[in-house]
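Peer 1: This one is input00.txt, compact mmCIF, C-alpha atoms and all ligand atoms.
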```txt
# COMPACT_ATOMS: atom_id res chain seq x y z
CA MET A 1 0.00 0.00 0.00
CA LYS A 2 1.32 3.50 -0.90
CA TYR A 3 -0.46 5.48 1.87
CA THR A 4 1.76 7.23 4.40
CA PRO A 5 1.08 6.06 7.98
CA ARG A 6 -0.88 9.29 8.64
CA GLN A 7 -2.92 8.98 5.44
CA LEU A 8 -3.66 5.37 6.29
CA SER A 9 -4.90 6.19 9.82
CA TYR A 10 -7.08 8.96 8.48
CA ALA A 11 -8.52 6.83 5.67
CA GLN A 12 -9.26 3.99 8.12
CA TYR A 13 -11.02 6.46 10.43
CA LEU A 14 -13.14 7.82 7.54
CA LEU A 15 -14.26 4.32 6.55
CA ARG A 16 -15.25 3.55 10.17
CA ARG A 17 -17.29 6.78 10.20
CA MET A 18 -19.03 5.58 7.07
CA GLY A 19 -20.00 2.34 8.78
CA PHE A 20 -17.27 -0.18 7.93
CA GLN A 21 -16.85 -2.61 10.79
CA ASN A 22 -14.02 -4.99 10.05
CA SER A 23 -10.36 -4.24 9.44
CA LYS A 24 -9.97 -6.72 6.59
CA ASP A 25 -12.70 -4.96 4.58
CA ILE A 26 -11.10 -1.59 5.33
CA ASP A 27 -7.67 -2.76 4.14
CA LEU A 28 -9.02 -4.30 0.93
CA TYR A 29 -11.16 -1.23 0.22
CA LEU A 30 -8.18 1.10 0.64
CA GLN A 31 -5.93 -1.01 -1.57
CA GLN A 32 -8.49 -0.93 -4.37
CA LEU A 33 -9.19 2.76 -3.84
CA LEU A 34 -5.53 3.46 -4.44
CA LEU A 35 -5.73 1.66 -7.78
CA SER A 36 -9.02 3.12 -8.94
CA LYS A 37 -8.71 6.71 -7.67
CA GLY A 38 -4.92 7.10 -7.53
CA ARG A 39 -3.19 9.15 -10.18
CA TYR A 40 0.18 8.97 -11.80
CA HIS A 41 2.40 11.94 -11.06
CA PHE A 42 4.72 13.21 -13.71
CA ASN A 43 7.96 14.86 -12.70
CA PRO A 44 9.29 16.77 -15.74
CA LYS A 45 12.58 17.48 -13.93
CA ALA A 46 13.42 13.80 -13.55
CA LYS A 47 16.22 12.41 -15.75
CA ASN A 48 13.78 9.98 -17.33
CA PRO A 49 10.30 11.46 -16.66
CA PHE A 50 8.36 8.26 -17.48
CA LYS A 51 10.20 6.32 -14.79
CA ALA A 52 9.41 9.00 -12.20
CA TRP A 53 5.67 8.41 -12.35
CA GLN A 54 4.07 7.03 -9.24
CA PHE A 55 0.65 6.58 -7.67
CA SER A 56 -0.64 9.11 -5.16
CA ALA A 57 -3.06 8.26 -2.37
CA LYS A 58 -4.32 11.84 -2.13
CA ALA A 59 -7.07 11.38 -4.73
CA GLY A 60 -8.38 8.40 -2.76
CA ILE A 61 -8.46 10.35 0.50
CA ASP A 62 -10.16 13.28 -1.26
CA ALA A 63 -12.87 10.90 -2.50
CA LEU A 64 -13.46 9.61 1.05
CA VAL A 65 -13.69 13.15 2.43
CA SER A 66 -16.28 14.10 -0.24
CA GLU A 67 -18.25 10.97 0.57
CA MET A 68 -18.28 11.81 4.28
CA GLU A 69 -19.50 15.34 3.53
CA LEU A 70 -22.31 13.92 1.40
CA LYS A 71 -23.34 11.45 4.09
CA LYS A 72 -23.43 14.17 6.78
CA THR A 73 -26.51 15.74 5.14
CA PRO A 74 -28.34 13.06 3.13
CA ALA A 75 -31.53 15.18 3.07
CA LYS A 76 -29.75 17.53 0.66
CA ILE A 77 -29.12 14.86 -1.99
CA PRO A 78 -31.48 15.72 -4.88
CA LEU A 79 -33.78 13.01 -6.15
CA LEU A 80 -34.19 12.09 -9.80
CA ARG A 81 -37.52 13.31 -11.10
CA SER A 82 -38.11 10.89 -13.95
CA GLN A 83 -39.87 7.56 -13.41
CA LEU A 84 -38.86 4.40 -15.25
CA SER A 85 -41.28 3.87 -18.10
CA HIS A 86 -39.15 1.35 -20.05
CA PHE A 87 -36.22 -0.84 -19.13
CA THR A 88 -32.85 -0.76 -20.86
CA ALA A 89 -30.07 -3.32 -21.28
CA THR A 90 -27.82 -1.02 -19.25
CA GLN A 91 -30.27 -0.94 -16.31
CA LEU A 92 -30.56 -4.72 -16.33
CA ALA A 93 -26.76 -5.01 -16.52
CA ARG A 94 -26.38 -2.64 -13.58
CA TYR A 95 -28.96 -4.59 -11.56
CA SER A 96 -27.06 -7.82 -12.23
CA PHE A 97 -23.83 -6.05 -11.17
CA CYS A 98 -25.46 -5.05 -7.86
CA PRO A 99 -29.13 -4.23 -7.01
CA ALA A 100 -27.97 -1.41 -4.70
CA ALA A 101 -26.02 0.16 -7.59
CA PHE A 102 -29.13 0.06 -9.78
CA SER A 103 -31.30 1.50 -7.01
CA ILE A 104 -28.91 4.35 -6.18
CA SER A 105 -28.36 5.32 -9.82
CA HIS A 106 -32.14 5.55 -10.38
CA THR A 107 -32.94 7.37 -7.14
CA PHE A 108 -30.41 10.21 -6.81
CA GLU A 109 -29.06 12.86 -9.07
CA THR A 110 -25.29 12.65 -9.05
CA VAL A 111 -24.02 15.54 -6.95
CA ILE A 112 -20.44 14.46 -6.34
CA ASP A 113 -18.00 13.31 -8.94
CA ALA A 114 -17.23 9.68 -8.17
CA GLY A 115 -13.90 10.30 -9.91
CA ASP A 116 -14.60 7.30 -12.04
CA ARG A 117 -11.47 7.46 -14.15
CA PRO A 118 -11.90 4.02 -15.73
CA ILE A 119 -15.43 4.88 -16.95
CA ALA A 120 -14.41 8.33 -18.22
CA MET A 121 -11.33 6.89 -19.89
CA GLY A 122 -13.43 4.07 -21.36
CA GLU A 123 -15.75 6.62 -22.95
CA GLN A 124 -12.83 8.57 -24.36
CA LEU A 125 -11.27 5.38 -25.72
CA HIS A 126 -14.59 4.41 -27.18
CA GLU A 127 -14.30 7.45 -29.40
CA SER A 128 -10.67 7.07 -30.48
CA LEU A 129 -10.12 3.31 -30.55
CA ARG A 130 -13.52 1.90 -31.20
CA LEU A 131 -13.94 -0.72 -33.86
CA SER A 132 -15.39 1.75 -36.34
CA GLN A 133 -12.15 3.78 -36.18
CA GLN A 134 -10.03 0.67 -36.54
CA LYS A 135 -12.14 -0.44 -39.46
CA GLN A 136 -11.15 2.71 -41.33
CA LYS A 137 -7.42 2.22 -40.79
CA SER A 138 -7.20 -1.57 -40.80
CA GLY A 139 -5.21 -1.62 -44.03
CA ALA A 140 -2.83 1.15 -43.04
CA THR A 141 -1.68 0.75 -39.43
CA THR A 142 1.69 -0.71 -38.53
CA ASP A 143 0.96 -0.91 -34.78
CA PRO A 144 1.97 -4.49 -33.84
CA PHE A 145 -0.83 -4.70 -31.21
CA TYR A 146 -3.59 -4.09 -33.74
CA ARG A 147 -1.91 -6.33 -36.30
CA ARG A 148 -2.02 -9.12 -33.65
CA ALA A 149 -5.57 -8.26 -32.48
CA TRP A 150 -6.88 -8.38 -36.05
CA GLN A 151 -5.62 -11.96 -36.35
CA ASN A 152 -8.35 -12.91 -33.88
CA PRO A 153 -10.95 -14.49 -36.22
CA ALA A 154 -13.87 -12.70 -34.52
CA ILE A 155 -12.23 -9.27 -34.76
CA ALA A 156 -11.19 -9.94 -38.36
CA LYS A 157 -14.78 -10.90 -39.13
CA ILE A 158 -16.12 -7.68 -37.55
CA LEU A 159 -13.67 -5.59 -39.55
CA ARG A 160 -14.73 -7.28 -42.80
CA ALA A 161 -18.48 -6.94 -42.09
CA GLU A 162 -20.70 -4.01 -43.03
CA ALA A 163 -21.91 -1.77 -40.17
CA VAL A 164 -25.67 -1.28 -40.54
CA TYR A 165 -26.17 0.47 -37.20
CA THR A 166 -23.87 2.47 -34.89
CA GLY A 167 -25.25 3.21 -31.46
CA HIS A 168 -22.85 5.89 -30.28
CA GLY A 169 -23.50 9.60 -30.34
CA ALA A 170 -26.43 11.74 -29.27
CA ASN A 171 -28.35 11.15 -32.50
CA ALA A 172 -28.13 7.36 -32.54
CA PRO A 173 -31.64 5.94 -32.93
CA LEU A 174 -32.97 3.78 -30.09
CA PHE A 175 -34.60 0.38 -30.52
CA ASN A 176 -38.02 0.02 -28.89
CA ASN A 177 -39.81 -3.20 -28.08
CA GLU A 178 -43.34 -2.31 -27.00
CA LYS A 179 -44.16 -5.92 -26.17
CA THR A 180 -41.39 -6.26 -23.56
CA GLY A 181 -41.09 -2.59 -22.53
CA PHE A 182 -37.45 -2.49 -23.70
CA VAL A 183 -35.58 0.48 -25.13
CA GLY A 184 -31.87 0.62 -25.92
CA SER A 185 -28.96 0.86 -28.34
CA PRO A 186 -26.04 -1.55 -28.71
CA ASP A 187 -22.66 -0.26 -29.92
CA TYR A 188 -23.03 -1.75 -33.43
CA ILE A 189 -25.03 -4.04 -35.64
CA PHE A 190 -23.15 -5.63 -38.56
CA ARG A 191 -24.08 -7.74 -41.57
CA ASP A 192 -21.45 -10.26 -42.62
CA ARG A 193 -20.64 -11.36 -46.19
CA GLU A 194 -23.19 -14.20 -45.96
CA GLY A 195 -25.94 -11.75 -44.98
CA VAL A 196 -25.98 -12.79 -41.29
CA TYR A 197 -26.72 -9.98 -38.79
CA PHE A 198 -24.87 -9.78 -35.46
CA LEU A 199 -24.34 -7.14 -32.79
CA VAL A 200 -21.18 -5.97 -31.04
CA GLU A 201 -20.75 -4.39 -27.62
CA GLU A 202 -17.26 -3.00 -26.83
CA LYS A 203 -15.85 -2.44 -23.31
CA PHE A 204 -12.60 -0.71 -22.39
CA LEU A 205 -11.07 -1.86 -19.09
CA HIS A 206 -8.00 -0.51 -17.34
CA TYR A 207 -5.59 -3.39 -16.65
CA ARG A 208 -1.92 -3.07 -15.95
CA ASP A 209 0.11 -4.29 -18.92
CA PRO A 210 2.78 -6.72 -17.62
CA MET A 211 5.02 -5.30 -20.40
CA ASN A 212 4.88 -2.02 -18.50
CA PRO A 213 6.53 -2.96 -15.19
CA SER A 214 7.07 -0.70 -12.19
CA ALA A 215 9.95 1.79 -12.33
CA ALA A 216 11.96 -0.25 -9.79
CA LYS A 217 11.70 -3.43 -11.86
CA LEU A 218 12.43 -1.58 -15.06
CA ASN A 219 15.64 -0.09 -13.66
CA LYS A 220 16.78 -3.39 -12.18
CA GLU A 221 16.22 -5.25 -15.42
CA GLU A 222 17.87 -2.53 -17.49
CA TRP A 223 20.93 -2.68 -15.27
CA ALA A 224 21.09 -6.44 -15.54
CA GLY A 225 20.53 -6.28 -19.33
CA THR A 226 17.52 -8.61 -19.05
CA LEU A 227 14.74 -6.17 -19.91
CA ALA A 228 14.08 -7.40 -23.46
CA SER A 229 13.99 -11.10 -22.55
CA LYS A 230 11.86 -10.44 -19.44
CA ASN A 231 9.40 -8.44 -21.53
CA GLN A 232 9.21 -11.26 -24.07
CA GLU A 233 8.46 -13.70 -21.22
CA ARG A 234 5.82 -11.36 -19.79
CA GLN A 235 4.15 -10.93 -23.16
CA GLU A 236 3.96 -14.71 -23.74
CA GLU A 237 2.53 -15.32 -20.26
CA TRP A 238 0.05 -12.48 -20.65
CA ALA A 239 -1.19 -13.78 -24.00
CA LYS A 240 -1.95 -17.18 -22.40
CA ILE A 241 -4.10 -15.82 -19.56
CA PRO A 242 -7.76 -16.39 -20.50
CA PHE A 243 -10.28 -13.58 -20.32
CA TYR A 244 -12.94 -13.37 -17.64
CA PHE A 245 -16.10 -11.79 -19.02
CA PHE A 246 -18.26 -10.09 -16.38
CA LYS A 247 -21.81 -11.32 -15.95
CA ASN A 248 -23.36 -7.85 -16.16
CA HIS A 249 -21.76 -7.34 -19.60
CA LEU A 250 -23.03 -10.75 -20.77
CA ILE A 251 -26.54 -9.89 -19.56
CA GLN A 252 -26.39 -6.60 -21.48
CA VAL A 253 -25.59 -8.39 -24.76
CA LEU A 254 -28.30 -11.02 -24.08
CA ALA A 255 -30.85 -8.25 -23.42
CA TYR A 256 -30.12 -6.74 -26.86
CA LEU A 257 -30.42 -10.14 -28.52
CA ALA A 258 -33.72 -10.84 -26.75
CA ASN A 259 -35.36 -7.50 -27.48
CA ILE A 260 -34.14 -6.03 -30.78
CA CYS A 261 -36.49 -7.14 -33.55
CA ALA A 262 -35.62 -4.58 -36.25
CA TYR A 263 -32.79 -6.87 -37.49
CA PRO A 264 -32.74 -10.70 -37.51
CA LEU A 265 -29.80 -10.90 -35.07
CA GLN A 266 -28.23 -14.34 -34.82
CA TYR A 267 -25.58 -13.68 -32.19
CA GLY A 268 -23.59 -10.98 -30.42
CA TYR A 269 -19.90 -10.35 -29.72
CA LEU A 270 -18.74 -8.87 -26.42
CA VAL A 271 -15.34 -7.30 -27.15
CA TYR A 272 -12.93 -6.36 -24.32
CA TRP A 273 -10.03 -3.98 -24.94
CA LEU A 274 -7.61 -3.83 -21.97
CA TYR A 275 -5.68 -0.57 -21.76
CA ASP A 276 -2.78 0.96 -19.82
CA PHE A 277 -0.65 4.11 -19.95
CA LYS A 278 2.85 4.73 -21.26
CA ASP A 279 4.69 8.03 -21.57
CA GLY A 280 1.44 9.83 -20.79
CA GLU A 281 -0.45 8.08 -23.59
CA VAL A 282 -3.17 5.51 -23.24
CA TYR A 283 -2.83 2.35 -25.32
CA VAL A 284 -4.57 -1.01 -25.68
CA HIS A 285 -2.49 -4.12 -24.91
CA LYS A 286 -4.91 -7.04 -24.99
CA ALA A 287 -8.14 -7.83 -26.81
CA GLY A 288 -10.69 -10.56 -26.06
CA VAL A 289 -13.96 -11.58 -27.67
CA LYS A 290 -16.89 -13.67 -26.42
CA LYS A 291 -19.59 -14.87 -28.79
CA LEU A 292 -23.09 -15.13 -27.33
CA SER A 293 -26.33 -16.41 -28.76
CA LEU A 294 -29.75 -16.83 -27.20
CA ASP A 295 -29.39 -20.59 -26.69
CA PRO A 296 -31.64 -22.17 -24.01
CA GLU A 297 -28.99 -21.75 -21.30
CA ASN A 298 -28.35 -18.07 -22.05
CA PHE A 299 -32.04 -17.36 -22.47
CA ALA A 300 -32.72 -18.91 -19.04
CA LEU A 301 -29.97 -16.74 -17.53
CA TYR A 302 -31.44 -13.62 -19.12
CA GLN A 303 -34.97 -14.54 -17.97
CA GLN A 304 -33.76 -15.19 -14.43
CA TYR A 305 -32.25 -11.71 -14.11
CA LEU A 306 -35.14 -10.02 -15.89
CA GLY A 307 -37.65 -11.72 -13.54
CA GLN A 308 -35.72 -10.67 -10.40
CA PHE A 309 -35.28 -7.15 -11.76
CA GLN A 310 -39.01 -6.74 -12.53
CA GLN A 311 -39.95 -8.10 -9.12
CA PHE A 312 -37.58 -5.63 -7.47
CA LEU A 313 -39.19 -2.71 -9.34
CA GLN A 314 -42.66 -3.93 -8.45
CA ARG A 315 -42.11 -4.71 -4.76
CA GLY A 316 -39.56 -1.99 -4.08
CA VAL A 317 -37.52 -4.25 -1.81
CA GLU A 318 -35.45 -7.42 -1.95
CA ALA A 319 -33.10 -9.36 0.32
CA PHE A 320 -29.45 -8.26 0.20
CA ASP A 321 -26.84 -10.91 0.93
CA VAL A 322 -24.12 -9.18 2.97
CA GLU A 323 -21.81 -12.16 2.45
CA ARG A 324 -21.71 -11.39 -1.26
CA VAL A 325 -20.38 -7.86 -0.78
CA ASN A 326 -16.98 -7.62 -2.45
CA VAL A 327 -15.35 -4.50 -1.03
CA LYS A 328 -12.76 -4.36 -3.82
CA LYS A 329 -15.61 -4.12 -6.32
CA CYS A 330 -17.25 -1.49 -4.06
CA ALA A 331 -14.14 0.71 -3.98
CA ALA A 332 -14.25 0.93 -7.78
CA CYS A 333 -18.06 1.25 -8.03
CA SER A 334 -19.37 4.55 -9.40
CA GLN A 335 -22.32 4.49 -6.92
CA SER A 336 -20.05 3.94 -3.92
CA PRO A 337 -20.21 7.53 -2.53
CA TYR A 338 -23.97 7.11 -1.90
CA CYS A 339 -23.94 3.46 -0.88
CA MET A 340 -24.47 2.14 2.66
CA HIS A 341 -24.72 -1.52 1.62
CA LYS A 342 -20.96 -1.88 1.15
CA THR A 343 -20.64 -1.76 4.97
CA ARG A 344 -22.51 -5.13 5.28
CA ARG A 345 -24.93 -3.54 7.79
CA PHE A 346 -28.08 -3.94 5.64
CA ASP A 347 -29.75 -7.21 4.68
CA GLU A 348 -32.41 -5.59 2.48
CA VAL A 349 -32.16 -3.15 -0.39
CA ASN A 350 -34.99 -0.81 -1.43
CA TYR A 351 -35.94 0.85 -4.67
CA PRO A 352 -35.99 3.85 -4.52
CA TYR A 353 -32.88 3.88 -2.32
CA ARG A 354 -33.70 4.97 1.25
CA LYS A 355 -32.23 8.35 2.22
CA GLU A 356 -32.98 7.38 5.84
CA ASP A 357 -30.28 4.71 5.65
CA ILE A 358 -27.57 7.19 4.61
CA ARG A 359 -25.74 8.28 7.73
CA LEU A 360 -22.39 8.39 9.54
CA TYR A 361 -21.43 6.23 12.51
CA PRO A 362 -19.41 7.16 15.60
CA ALA A 363 -15.69 6.35 15.38
CA GLU A 364 -12.72 7.40 17.46
CA PHE A 365 -10.51 10.00 15.76
CA PRO A 366 -6.89 8.74 15.80
CA GLY A 367 -4.99 10.60 18.53
CA SER A 368 -1.82 10.74 16.40
CA LEU A 369 -3.64 12.95 13.84
CA ARG A 370 -5.11 15.57 16.12
CA GLN A 371 -2.50 18.19 15.11
CA VAL A 372 -2.75 17.49 11.39
CA TYR A 373 -6.41 17.19 10.29
S1 LIG B 1 -20.59 0.12 -3.48
FE1 LIG B 1 -20.74 -2.13 -3.51
S2 LIG B 1 -22.67 -2.64 -2.49
FE2 LIG B 1 -22.70 -0.46 -3.02
S3 LIG B 1 -23.68 -0.30 -4.97
FE3 LIG B 1 -21.54 -0.43 -5.43
S4 LIG B 1 -21.10 -2.62 -5.68
FE4 LIG B 1 -23.11 -2.44 -4.67
```
Before anything else, please render the file you have as C-alpha cells.
Ligand code: SF4

Peer 2:
Amino acid sequence: MKYTPRQLSYAQYLLRRMGFQNSKDIDLYLQQLLLSKGRYHFNPKAKNPFKAWQFSAKAGIDALVSEMELKKTPAKIPLLRSQLSHFTATQLARYSFCPAAFSISHTFETVIDAGDRPIAMGEQLHESLRLSQQKQKSGATTDPFYRRAWQNPAIAKILRAEAVYTGHGANAPLFNNEKTGFVGSPDYIFRDREGVYFLVEEKFLHYRDPMNPSAAKLNKEEWAGTLASKNQERQEEWAKIPFYFFKNHLIQVLAYLANICAYPLQYGYLVYWLYDFKDGEVYVHKAGVKKLSLDPENFALYQQYLGQFQQFLQRGVEAFDVERVNVKKCAACSQSPYCMHKTRRFDEVNYPYRKEDIRLYPAEFPGSLRQVY
C-alpha cells in the first residue's frame, strides 16, 4: 500500500465513520481505492520522466472526504424526477452487477464526482479506438498490437463486415420493443458477407500491462541487461491468460439479442479492450472476444435476471446478501459515494434507495492525527 502512515490512519477512520466494521474490509477497500482513484504523477525534472511516475493516495483520501460530507446531510441529496417507463439493457446489466447500484443510480441525481477514471477513460477510448475507427485504418496501421488483435478471427470478421447500425453519439436511434417494454442501443449491428446480422458491444477496461513494469523493476532489469527477454516472457505469459467476461456485460448483450427485432440478429460479440498508460499516452495491450447467442442456457440466464429485476421494481424491496459484498468491487463502483450496503450492515435493499439509511457512525478519531487534520 502506498499510503503514508498518517494517510492510512485517516482513511481507516473515515471508513469507520461511514460504517465499515471490520479491518480486513477496510484494508481491501483502501488497496483498491488506491488503484481506482490514484493518479500517476509526472515529474518533468526527472532524468527519465516516465520512470518517475508514481501513484498518489491523495485522490483516494479526497474521495473519502467528499463521501463523508455527502453522508453528513443526506436530506440535501437531490432526487431524480423521472420515473422508469421502459427498461434498458444497461439498467438490467447494472442490476445484475449489484441491485444497490441500480437503485442508487435511479434514485439520486449525481451531486459528487465519483472520480470514475476508468469509466471516463473508457468513454474517451470508445471514441478514439472503437472498432469503427479501426475499421477505417485496418489496411494502413503498422501498430503491432492491432496487427495481432486483427488476427483474432472474430475481430477480423467484424472488420470485414458491413456496419448497418452504430449506437454511439447523441443522434443514434434507439430500438423500442413495445411488447417487452425495452428500449436501448447496442454499440453496433453488422451484416457479414453471408448476410448474417450480429451485434457488437465494446468495453474498455484498465488493466496493468505486464510489459509495463514498475519503475523499480524496469531499472533493475535494465541494469542487468535482461529487460528485453523479461518483456518477451511477460508478453507470452500475458497472452496465455484467458479472459474473464463479467456477468453484467453478458446480460447486457443477451438483453439486446432478446429485445431487438428490427434486425434478424443471430448472435452478439462482447469485445474487451484492456488498456494501460505509457509516456502519458493511453494504449490497448490485450483484446478478447466472447460470442453469445440466445441458446436455451443463455435465455434462461437472461430470464432469471429479468424476472428478479421486474420483481424488485414492483415490490420496491429485496433481500441483500451481505456475504456477497466484495469490497474491492465497491471501492471501484461509481455508486459507492452514496452506498451504505458496502458496509454489510443492511440485509435488504430498497428501490428507490432509502435516504434514511444514509448516515455516519461514531468512530474514534486517531490521537496521532489531532494536530494534522
Ligand atoms: S458500493 Fe458495492 S454494495 Fe454499493 S452499490 Fe456499489 S457494488 Fe453495490

Peer 1: Check every protein, DNA and RNA residue against ligand LIG 1 (chain B), keep those with an atom at most 8 Å away (counting only C-alpha atoms and all ligand atoms), and present them as a CSV table (one decimal) with C-alpha atoms, in the coordinates of the input.

Peer 2:
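Output contents, as saved in result28.csv:
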```csv
chain,number,residue,atom,x,y,z
A,97,PHE,CA,-23.8,-6.0,-11.2
A,98,CYS,CA,-25.5,-5.0,-7.9
A,99,PRO,CA,-29.1,-4.2,-7.0
A,100,ALA,CA,-28.0,-1.4,-4.7
A,101,ALA,CA,-26.0,0.2,-7.6
A,102,PHE,CA,-29.1,0.1,-9.8
A,104,ILE,CA,-28.9,4.4,-6.2
A,325,VAL,CA,-20.4,-7.9,-0.8
A,326,ASN,CA,-17.0,-7.6,-2.4
A,327,VAL,CA,-15.4,-4.5,-1.0
A,329,LYS,CA,-15.6,-4.1,-6.3
A,330,CYS,CA,-17.2,-1.5,-4.1
A,331,ALA,CA,-14.1,0.7,-4.0
A,332,ALA,CA,-14.2,0.9,-7.8
A,333,CYS,CA,-18.1,1.2,-8.0
A,334,SER,CA,-19.4,4.6,-9.4
A,335,GLN,CA,-22.3,4.5,-6.9
A,336,SER,CA,-20.0,3.9,-3.9
A,337,PRO,CA,-20.2,7.5,-2.5
A,338,TYR,CA,-24.0,7.1,-1.9
A,339,CYS,CA,-23.9,3.5,-0.9
A,340,MET,CA,-24.5,2.1,2.7
A,341,HIS,CA,-24.7,-1.5,1.6
A,342,LYS,CA,-21.0,-1.9,1.2
A,343,THR,CA,-20.6,-1.8,5.0
```

Peer 1: What lies within 8 Å of stretch 228-240 of chain A using all atoms listed in the file, ignoring chain neighbours under 5 positions off, as a PyMOL selection string?

Peer 2: chain A and resi 210-211+221+286

Peer 1: From the list A:Asn22, A:Gln266, A:Thr226, A:Ser96, which residue is nearest A:Phe246 when using only C-alpha atoms?

Peer 2: A:Ser96

Peer 1: Kindly indicate which residue among A:Gln91, A:Thr73, A:Ser23, A:Asn219 lies nearest to A:Ser9, using only C-alpha atoms for the distances.

Peer 2: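 Among the listed residues, the smallest separation from A:Ser9 belongs to A:Ser23.
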
Peer 1: Please indicate the distance in Å from atom CA of A:Val317 to atom CA of A:Ala93, rounded to one decimal place.

Peer 2: 18.2 Å

Peer 1: Using all atoms listed in the file and a cutoff of 12 Å, can you tell me which residues are near (-35.2, -10.7, -13.7) in the file's coordinates, and write them out as a ChimeraX atom specification?

Peer 2: /A:87,89,91-96,99,251,255,299-314

Peer 1: Considering all atoms listed in the file, return as an MDAnalysis selection string whatever protein or nucleic-acid residues lie within 10 Å of stretch 3-6 of chain A, sequence-local ones (same chain, fewer than 4 positions apart) excluded.

Peer 2: chainID A and resid 10:12 30:31 34 55:58 60:61 366 368:369 372:373

Peer 1: Please provide as a JSON list (two decimals) with C-alpha atoms, keeping the file's coordinate frame all residues within 10 Å of A:Leu79, with the sequence filter that same-chain residues fewer than 6 positions apart are discarded (counting only C-alpha atoms).

Peer 2:
```
[["chain", "number", "residue", "atom", "x", "y", "z"],
["A", 104, "ILE", "CA", -28.91, 4.35, -6.18],
["A", 106, "HIS", "CA", -32.14, 5.55, -10.38],
["A", 107, "THR", "CA", -32.94, 7.37, -7.14],
["A", 108, "PHE", "CA", -30.41, 10.21, -6.81],
["A", 109, "GLU", "CA", -29.06, 12.86, -9.07],
["A", 110, "THR", "CA", -25.29, 12.65, -9.05],
["A", 352, "PRO", "CA", -35.99, 3.85, -4.52],
["A", 353, "TYR", "CA", -32.88, 3.88, -2.32],
["A", 355, "LYS", "CA", -32.23, 8.35, 2.22]]
```

Peer 1: Using all atoms listed in the file, which residue out of A:Val253, A:Ala262, A:Ala156, A:Leu15 lies closest to A:Asp187?

Peer 2: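 Once distances to A:Asp187 are computed over all atoms listed in the file, the minimum belongs to A:Val253.
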
Peer 1: Would you compute the distance between atom CA of A:Ile155 and atom CA of A:Val289? Give it in Å to one decimal.

Peer 2: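 Taking atom CA of A:Ile155 and atom CA of A:Val289, their separation equals 7.7 Å.
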
Peer 1: Quick check, in Å to one decimal: how far apart do atom CA of A:Gln32 and atom CA of A:Lys328 lie?

Peer 2: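 Separating atom CA of A:Gln32 from atom CA of A:Lys328 is a distance of 5.5 Å.
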
Peer 1: When you count only C-alpha atoms, which of these residues is closest to A:Lys37: A:Ala63, A:Leu227, A:Leu14, A:Leu80?

Peer 2: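 Using only C-alpha atoms, A:Lys37 sits closest to A:Ala63.
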
Peer 1: Let me have the centre and edge lengths of the axis-aligned box enclosing all listed atoms of stretch 261-280 of chain A with 4 Å padding on every side, in Å to one decimal, as AutoDock Vina command-line options.

Peer 2:
```
--center_x -15.9 --center_y -2.3 --center_z -28.7 --size_x 49.2 --size_y 32.2 --size_z 25.7
```

Peer 1: Have a look at A:Leu8, A:Ala163, A:Leu174, A:Ala258 and name the one nearest to A:Asp27; count all atoms listed in the file.

Peer 2: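 Counting all atoms listed in the file, the residue closest to A:Asp27 is A:Leu8.
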
Peer 1: Given all atoms listed in the file as the basis, pick out the residue of A:Gly184, A:Pro362, A:Gly367, A:Gly195 nearest to A:Gly167.

Peer 2: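 With all atoms listed in the file as the atom set, the closest residue is A:Gly184.
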